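Enquirer: The following block contains the structure, expressed as C-alpha cells.
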Amino acid sequence: MKVAFIGLGVMGYPMAGHLQKAGYDVCVYNRTAAKAEQWQKEFGGTMANTPALAAKGCEIVFCCVGNDDDVRQVTLGDEGALAGMAEHSILVDHTTASAELARELDKIAKSQHKFFLDAPVSGGQAGAENGVLTVMVGGEADVFEKVKPVMAAYAKFSQLMGPVGSGQLAKMVNQICIAGVVQGLAEAFNFAERAGLDADALVATISKGAAGSWQMENRYKTMFAGEYNFGFAVDWMRKDLAIAFKEAEKNGAELPMTKMVDGFYQEIQENGGNRWDTSSLISRFKK
Ligand code: NAP
C-alpha cells in the first residue's frame, strides 16, 4: 500500500519510519527538505517537494505538524495534501489540534469524496520511537477500520472515540489530566525532598499504590535531579491547554486547576523553559 507522511518532526520522523519498516511504500514531505533527505537515507522510501505531490496515488495520507494553522497549510490550497489525493483516499491528522479544525477538514474532504480522521497521539517521543503510541480517533467506523491496521506500525493501541473531532476532544481530556497529575507530583516531590526522604525508596513504594502513575514512574528521577531538557515541551503543552480552554468555553466545563497550572507553565516560559518537559513544574520550587 502506498501512503504519505507529512511532517517529520520529533513525532512524525519515527512514525513514518515505522510505516516504511512495516512494508508500506512511504512518500514523505517535510517543510525543511534536509530532514526528508535524512529520513530517506535512513529508511528508504521516497520524498516529494509539496504535500500534494507526496499525497499523489496514496490510499492514506498521514500528517503530524504543529497547530491548526500548520495543518491548514499542509492540507489545503494548490500544494496541500488534499489537492493531490484521489477520491476515496483518507487523510489522517495526528497533530494535536482543535476539534473545530477536524470538523472543517472533514467537511472539505467529504465535498471532494475523500475521508478524514482526526487522530492525535499520546506517548511522546519515546512512544513514537518505540512504535507504542496511543491514538485517539474521531471519524467514521469503516474509515477507522481501514486505517487501524496501518497505524499499528507505530501504535500499540488505537480507539475510535466517536464522530469527527472526538479524537481531539479525548486528547484535551488527556492533557487536562497530565496538567493536574504533574503539578501534584511537583508538590509531592518537593515536599519529599524537604522531608529528607529517599526518592528511589519512596517511588518504589508509593507507585505501587493508589498514587502511582506513568508520570510518577517515568519522571521522578529527572524531577528530583532538576533535569528538564527533554520530553514534551512546555510550549506544546500551553498550545494544547489553550485548545482545551477554548472548547471548555463552549461546553461549560470548569477548569480551575488546569488554568492555575497553565499560569505556572507561563512562568516557566518567561524564565526560558519553553522547550523544557512538562515535568519542569517542579523547577518553580527549586529556586
Ligand atoms: P516538531 O518536532 O516541532 O515537528 C513539527 C513538524 O511539523 C516539523 O516537521 C515541521 O517542519 C512541521 N511543520 C510545522 N509547521 C509547519 C507548517 N506551517 N508547514 C509545514 N510544516 C510544518 O513537533 P512534534 O513534537 O513532532 O509534534 C507534532 C505534533 O504532535 C504537535 O501537534 C504536538 O502537539 C503533537 N504531539 C507531540 C508530542 C511530543 O512528545 N513531542 C506528543 C504528543 C503529541 P520543519 O521541520 O520544517 O520545522
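As shown in the C-alpha cells, the chain order sets the letters A, B, ...; within each chain, residues go from 1, and ligands are also counted from 1 in the order they appear.
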Name all residues at most 12 Å from Pro256 (chain A) (count only C-alpha atoms; drop same-chain ones fewer than 6 positions away) and give them as a PyMOL selection string.

Expert: chain A and resi 176+179-180+245+248+262-263

Enquirer: As a PyMOL selection string, please: every residue in region 71-217 of chain A that DSSP puts in helix (DSSP H, G or I).

Expert: chain A and resi 71-75+81-84+99-111+124-129+141-151+166-194+199-206+214-217

Enquirer: Point out the residue among A:Gly17, A:Gly84, A:Gly123, A:Gly139 with the least atom-to-atom distance to ligand 1, counting only C-alpha atoms and all ligand atoms.

Expert: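 Going through A:Gly17, A:Gly84, A:Gly123, A:Gly139 one by one, the smallest distance to ligand 1 is for A:Gly123.
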
Enquirer: Identify, counting only C-alpha atoms and all ligand atoms, the protein, DNA and RNA residues located within 9 Å of ligand 1, and give them as a PDB file with N, CA and C atoms, in the first residue's frame.

Expert:
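Listing of pocket05.pdb after writing:
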```
ATOM      1  N   ILE A   6       3.366  13.503   6.169  1.00  0.00           N
ATOM      2  CA  ILE A   6       3.707  14.926   6.082  1.00  0.00           C
ATOM      3  C   ILE A   6       4.060  15.445   7.468  1.00  0.00           C
ATOM      4  N   GLY A   7       5.282  15.937   7.616  1.00  0.00           N
ATOM      5  CA  GLY A   7       5.730  16.471   8.901  1.00  0.00           C
ATOM      6  C   GLY A   7       6.630  15.491   9.622  1.00  0.00           C
ATOM      7  N   LEU A   8       7.937  15.666   9.435  1.00  0.00           N
ATOM      8  CA  LEU A   8       8.903  14.732  10.026  1.00  0.00           C
ATOM      9  C   LEU A   8       9.573  15.351  11.241  1.00  0.00           C
ATOM     10  N   GLY A   9       8.749  15.730  12.217  1.00  0.00           N
ATOM     11  CA  GLY A   9       9.287  16.289  13.461  1.00  0.00           C
ATOM     12  C   GLY A   9       9.683  15.182  14.420  1.00  0.00           C
ATOM     13  N   VAL A  10       9.775  15.560  15.690  1.00  0.00           N
ATOM     14  CA  VAL A  10      10.114  14.602  16.745  1.00  0.00           C
ATOM     15  C   VAL A  10       9.206  13.372  16.659  1.00  0.00           C
ATOM     16  N   MET A  11       7.936  13.602  16.365  1.00  0.00           N
ATOM     17  CA  MET A  11       6.959  12.507  16.306  1.00  0.00           C
ATOM     18  C   MET A  11       6.890  11.869  14.912  1.00  0.00           C
ATOM     19  N   GLY A  12       6.712  12.718  13.892  1.00  0.00           N
ATOM     20  CA  GLY A  12       6.478  12.220  12.539  1.00  0.00           C
ATOM     21  C   GLY A  12       7.637  11.410  11.972  1.00  0.00           C
ATOM     22  N   TYR A  13       8.857  11.838  12.261  1.00  0.00           N
ATOM     23  CA  TYR A  13      10.046  11.168  11.699  1.00  0.00           C
ATOM     24  C   TYR A  13      10.063   9.673  12.051  1.00  0.00           C
ATOM     25  N   TYR A  29       6.947  14.193   3.055  1.00  0.00           N
ATOM     26  CA  TYR A  29       7.153  15.614   2.773  1.00  0.00           C
ATOM     27  C   TYR A  29       7.515  16.282   4.089  1.00  0.00           C
ATOM     28  N   ASN A  30       8.534  17.126   4.068  1.00  0.00           N
ATOM     29  CA  ASN A  30       8.832  17.969   5.225  1.00  0.00           C
ATOM     30  C   ASN A  30       9.210  19.352   4.728  1.00  0.00           C
ATOM     31  N   ARG A  31       8.665  20.381   5.427  1.00  0.00           N
ATOM     32  CA  ARG A  31       8.929  21.774   5.025  1.00  0.00           C
ATOM     33  C   ARG A  31      10.432  22.025   4.874  1.00  0.00           C
ATOM     34  N   THR A  32      11.196  21.610   5.863  1.00  0.00           N
ATOM     35  CA  THR A  32      12.647  21.699   5.765  1.00  0.00           C
ATOM     36  C   THR A  32      13.126  20.419   5.075  1.00  0.00           C
ATOM     37  N   ALA A  33      13.508  20.561   3.801  1.00  0.00           N
ATOM     38  CA  ALA A  33      13.763  19.374   2.971  1.00  0.00           C
ATOM     39  C   ALA A  33      14.905  18.504   3.508  1.00  0.00           C
ATOM     40  N   ALA A  34      15.862  19.134   4.195  1.00  0.00           N
ATOM     41  CA  ALA A  34      17.018  18.368   4.686  1.00  0.00           C
ATOM     42  C   ALA A  34      16.580  17.198   5.567  1.00  0.00           C
ATOM     43  N   LYS A  35      15.499  17.430   6.349  1.00  0.00           N
ATOM     44  CA  LYS A  35      15.019  16.359   7.240  1.00  0.00           C
ATOM     45  C   LYS A  35      14.433  15.202   6.434  1.00  0.00           C
ATOM     46  N   ALA A  36      13.772  15.530   5.323  1.00  0.00           N
ATOM     47  CA  ALA A  36      13.195  14.483   4.465  1.00  0.00           C
ATOM     48  C   ALA A  36      14.325  13.684   3.808  1.00  0.00           C
ATOM     49  N   PRO A  51       3.236  18.797  -0.216  1.00  0.00           N
ATOM     50  CA  PRO A  51       2.320  17.791   0.340  1.00  0.00           C
ATOM     51  C   PRO A  51       1.446  17.183  -0.756  1.00  0.00           C
ATOM     52  N   CYS A  63      -0.505  13.013   8.612  1.00  0.00           N
ATOM     53  CA  CYS A  63       0.128  14.310   8.807  1.00  0.00           C
ATOM     54  C   CYS A  63       0.332  14.533  10.302  1.00  0.00           C
ATOM     55  N   CYS A  64       1.476  15.113  10.670  1.00  0.00           N
ATOM     56  CA  CYS A  64       1.741  15.417  12.083  1.00  0.00           C
ATOM     57  C   CYS A  64       2.598  16.668  12.121  1.00  0.00           C
ATOM     58  N   VAL A  65       1.929  17.827  12.187  1.00  0.00           N
ATOM     59  CA  VAL A  65       2.666  19.108  12.225  1.00  0.00           C
ATOM     60  C   VAL A  65       2.398  19.810  13.557  1.00  0.00           C
ATOM     61  N   GLY A  66       2.382  21.142  13.600  1.00  0.00           N
ATOM     62  CA  GLY A  66       2.338  21.815  14.896  1.00  0.00           C
ATOM     63  C   GLY A  66       0.956  22.116  15.435  1.00  0.00           C
ATOM     64  N   ASN A  67       0.263  23.085  14.788  1.00  0.00           N
ATOM     65  CA  ASN A  67      -1.034  23.542  15.313  1.00  0.00           C
ATOM     66  C   ASN A  67      -2.061  23.654  14.173  1.00  0.00           C
ATOM     67  N   ASP A  68      -3.212  24.222  14.480  1.00  0.00           N
ATOM     68  CA  ASP A  68      -4.303  24.309  13.490  1.00  0.00           C
ATOM     69  C   ASP A  68      -3.831  24.936  12.178  1.00  0.00           C
ATOM     70  N   ASP A  69      -3.153  26.090  12.290  1.00  0.00           N
ATOM     71  CA  ASP A  69      -2.745  26.797  11.067  1.00  0.00           C
ATOM     72  C   ASP A  69      -1.745  25.992  10.254  1.00  0.00           C
ATOM     73  N   ASP A  70      -0.863  25.299  10.949  1.00  0.00           N
ATOM     74  CA  ASP A  70       0.129  24.468  10.244  1.00  0.00           C
ATOM     75  C   ASP A  70      -0.581  23.346   9.475  1.00  0.00           C
ATOM     76  N   VAL A  71      -1.609  22.772  10.101  1.00  0.00           N
ATOM     77  CA  VAL A  71      -2.355  21.699   9.424  1.00  0.00           C
ATOM     78  C   VAL A  71      -3.031  22.266   8.177  1.00  0.00           C
ATOM     79  N   ARG A  72      -3.630  23.459   8.319  1.00  0.00           N
ATOM     80  CA  ARG A  72      -4.268  24.070   7.134  1.00  0.00           C
ATOM     81  C   ARG A  72      -3.230  24.257   6.029  1.00  0.00           C
ATOM     82  N   GLN A  73      -2.030  24.720   6.421  1.00  0.00           N
ATOM     83  CA  GLN A  73      -1.006  24.979   5.403  1.00  0.00           C
ATOM     84  C   GLN A  73      -0.595  23.735   4.633  1.00  0.00           C
ATOM     85  N   VAL A  74      -0.540  22.594   5.300  1.00  0.00           N
ATOM     86  CA  VAL A  74      -0.075  21.388   4.593  1.00  0.00           C
ATOM     87  C   VAL A  74      -1.206  20.577   3.955  1.00  0.00           C
ATOM     88  N   HIS A  94      -2.546  13.478  12.712  1.00  0.00           N
ATOM     89  CA  HIS A  94      -2.035  13.118  14.039  1.00  0.00           C
ATOM     90  C   HIS A  94      -1.638  14.347  14.865  1.00  0.00           C
ATOM     91  N   THR A  95      -1.756  15.525  14.290  1.00  0.00           N
ATOM     92  CA  THR A  95      -1.428  16.757  15.030  1.00  0.00           C
ATOM     93  C   THR A  95      -2.395  16.924  16.203  1.00  0.00           C
ATOM     94  N   THR A  96      -1.917  17.476  17.325  1.00  0.00           N
ATOM     95  CA  THR A  96      -2.842  17.871  18.386  1.00  0.00           C
ATOM     96  C   THR A  96      -3.392  19.233  17.995  1.00  0.00           C
ATOM     97  N   ALA A  97      -4.668  19.265  17.632  1.00  0.00           N
ATOM     98  CA  ALA A  97      -5.284  20.495  17.118  1.00  0.00           C
ATOM     99  C   ALA A  97      -6.697  20.602  17.687  1.00  0.00           C
ATOM    100  N   PRO A 120      -5.127  12.424  17.112  1.00  0.00           N
ATOM    101  CA  PRO A 120      -3.993  12.840  17.949  1.00  0.00           C
ATOM    102  C   PRO A 120      -3.425  11.656  18.731  1.00  0.00           C
ATOM    103  N   VAL A 121      -2.168  11.783  19.099  1.00  0.00           N
ATOM    104  CA  VAL A 121      -1.484  10.656  19.751  1.00  0.00           C
ATOM    105  C   VAL A 121      -1.018  11.020  21.148  1.00  0.00           C
ATOM    106  N   SER A 122      -0.758  10.001  21.934  1.00  0.00           N
ATOM    107  CA  SER A 122      -0.180  10.170  23.261  1.00  0.00           C
ATOM    108  C   SER A 122       0.932   9.132  23.391  1.00  0.00           C
ATOM    109  N   GLY A 123       1.945   9.471  24.166  1.00  0.00           N
ATOM    110  CA  GLY A 123       3.058   8.526  24.343  1.00  0.00           C
ATOM    111  C   GLY A 123       4.408   9.197  24.133  1.00  0.00           C
ATOM    112  N   GLY A 124       4.382  10.408  23.585  1.00  0.00           N
ATOM    113  CA  GLY A 124       5.613  11.210  23.497  1.00  0.00           C
ATOM    114  C   GLY A 124       6.635  10.680  22.510  1.00  0.00           C
ATOM    115  N   GLN A 125       7.815  11.320  22.566  1.00  0.00           N
ATOM    116  CA  GLN A 125       8.911  10.980  21.655  1.00  0.00           C
ATOM    117  C   GLN A 125       9.286   9.497  21.783  1.00  0.00           C
ATOM    118  N   ALA A 126       9.378   9.021  23.021  1.00  0.00           N
ATOM    119  CA  ALA A 126       9.772   7.616  23.232  1.00  0.00           C
ATOM    120  C   ALA A 126       8.712   6.684  22.642  1.00  0.00           C
ATOM    121  N   GLY A 127       7.446   7.046  22.813  1.00  0.00           N
ATOM    122  CA  GLY A 127       6.354   6.238  22.265  1.00  0.00           C
ATOM    123  C   GLY A 127       6.420   6.163  20.749  1.00  0.00           C
ATOM    124  N   ALA A 128       6.771   7.291  20.122  1.00  0.00           N
ATOM    125  CA  ALA A 128       6.881   7.324  18.658  1.00  0.00           C
ATOM    126  C   ALA A 128       8.080   6.493  18.213  1.00  0.00           C
ATOM    127  N   LEU A 133       2.676   4.148  20.445  1.00  0.00           N
ATOM    128  CA  LEU A 133       1.795   5.282  20.733  1.00  0.00           C
ATOM    129  C   LEU A 133       0.365   4.810  21.006  1.00  0.00           C
ATOM    130  N   LYS A 171      -8.043  13.921  23.429  1.00  0.00           N
ATOM    131  CA  LYS A 171      -6.678  14.407  23.688  1.00  0.00           C
ATOM    132  C   LYS A 171      -6.719  15.596  24.662  1.00  0.00           C
ATOM    133  N   GLY A 231      11.827  15.591  26.350  1.00  0.00           N
ATOM    134  CA  GLY A 231      10.414  15.267  26.528  1.00  0.00           C
ATOM    135  C   GLY A 231       9.410  16.177  25.855  1.00  0.00           C
ATOM    136  N   PHE A 232       8.249  16.356  26.480  1.00  0.00           N
ATOM    137  CA  PHE A 232       7.131  17.097  25.880  1.00  0.00           C
ATOM    138  C   PHE A 232       7.198  18.557  26.322  1.00  0.00           C
ATOM    139  N   ALA A 233       7.466  19.435  25.351  1.00  0.00           N
ATOM    140  CA  ALA A 233       7.793  20.840  25.644  1.00  0.00           C
ATOM    141  C   ALA A 233       6.621  21.621  26.242  1.00  0.00           C
ATOM    142  N   ASP A 235       5.944  24.666  25.692  1.00  0.00           N
ATOM    143  CA  ASP A 235       5.282  25.414  24.607  1.00  0.00           C
ATOM    144  C   ASP A 235       4.143  24.591  23.998  1.00  0.00           C
ATOM    145  N   TRP A 236       4.417  23.299  23.755  1.00  0.00           N
ATOM    146  CA  TRP A 236       3.379  22.431  23.182  1.00  0.00           C
ATOM    147  C   TRP A 236       2.222  22.268  24.157  1.00  0.00           C
ATOM    148  N   MET A 237       2.565  22.092  25.439  1.00  0.00           N
ATOM    149  CA  MET A 237       1.525  21.881  26.451  1.00  0.00           C
ATOM    150  C   MET A 237       0.610  23.096  26.522  1.00  0.00           C
ATOM    151  N   LYS A 239       0.003  25.232  24.167  1.00  0.00           N
ATOM    152  CA  LYS A 239      -0.823  25.217  22.943  1.00  0.00           C
ATOM    153  C   LYS A 239      -2.023  24.273  23.160  1.00  0.00           C
ATOM    154  N   ASP A 240      -1.742  23.091  23.713  1.00  0.00           N
ATOM    155  CA  ASP A 240      -2.803  22.095  23.917  1.00  0.00           C
ATOM    156  C   ASP A 240      -3.828  22.580  24.946  1.00  0.00           C
ATOM    157  N   ASP A 277      10.572  19.899  29.435  1.00  0.00           N
ATOM    158  CA  ASP A 277       9.495  18.917  29.590  1.00  0.00           C
ATOM    159  C   ASP A 277       8.432  19.455  30.567  1.00  0.00           C
TER     160      ASP A 277
END
```

Enquirer: Skip Gly226 (chain A) itself and residues of its chain fewer than 6 positions away, then list as a count of residues only all residues within 12 Å of it, counting only C-alpha atoms.

Expert: 17

Enquirer: Region 197-208 of chain A: which residues within 12 Å, counting only C-alpha atoms, same-chain residues fewer than 2 positions away excluded, as a list in words?

Expert: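 Counting only C-alpha atoms, the residues come to Leu185, Ala188, Phe189, Asn190, Phe191, Ala192, Glu193, Arg194, Ala195, Ala210, Ala211, Gly212, Ser213, Trp214, Gln215, Met216, Glu217, Asn218, Arg219, Tyr220, Lys221, Thr222, Met223, Phe224 and Ala225 of chain A.
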
Enquirer: Counting only C-alpha atoms, which residue out of A:Glu104, A:Ala4, A:Cys27, A:Ser166 sits closest to Val92 (chain A)?

Expert: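 Residue with the minimum atom-to-atom distance to Val92 (chain A): A:Ala4.
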
Enquirer: Name the closest residue to Asn274 (chain A) among the candidates A:Met172, A:Asn251, A:Arg238, A:Gln38; distances are taken between atoms, counting only C-alpha atoms.

Expert: A:Arg238

Enquirer: For the strand (DSSP E or B) assignment from backbone DSSP, which residues of region 77-130 of chain A qualify? Please present them as a ChimeraX atom specification.

Expert: /A:90-93,115-118,121-122
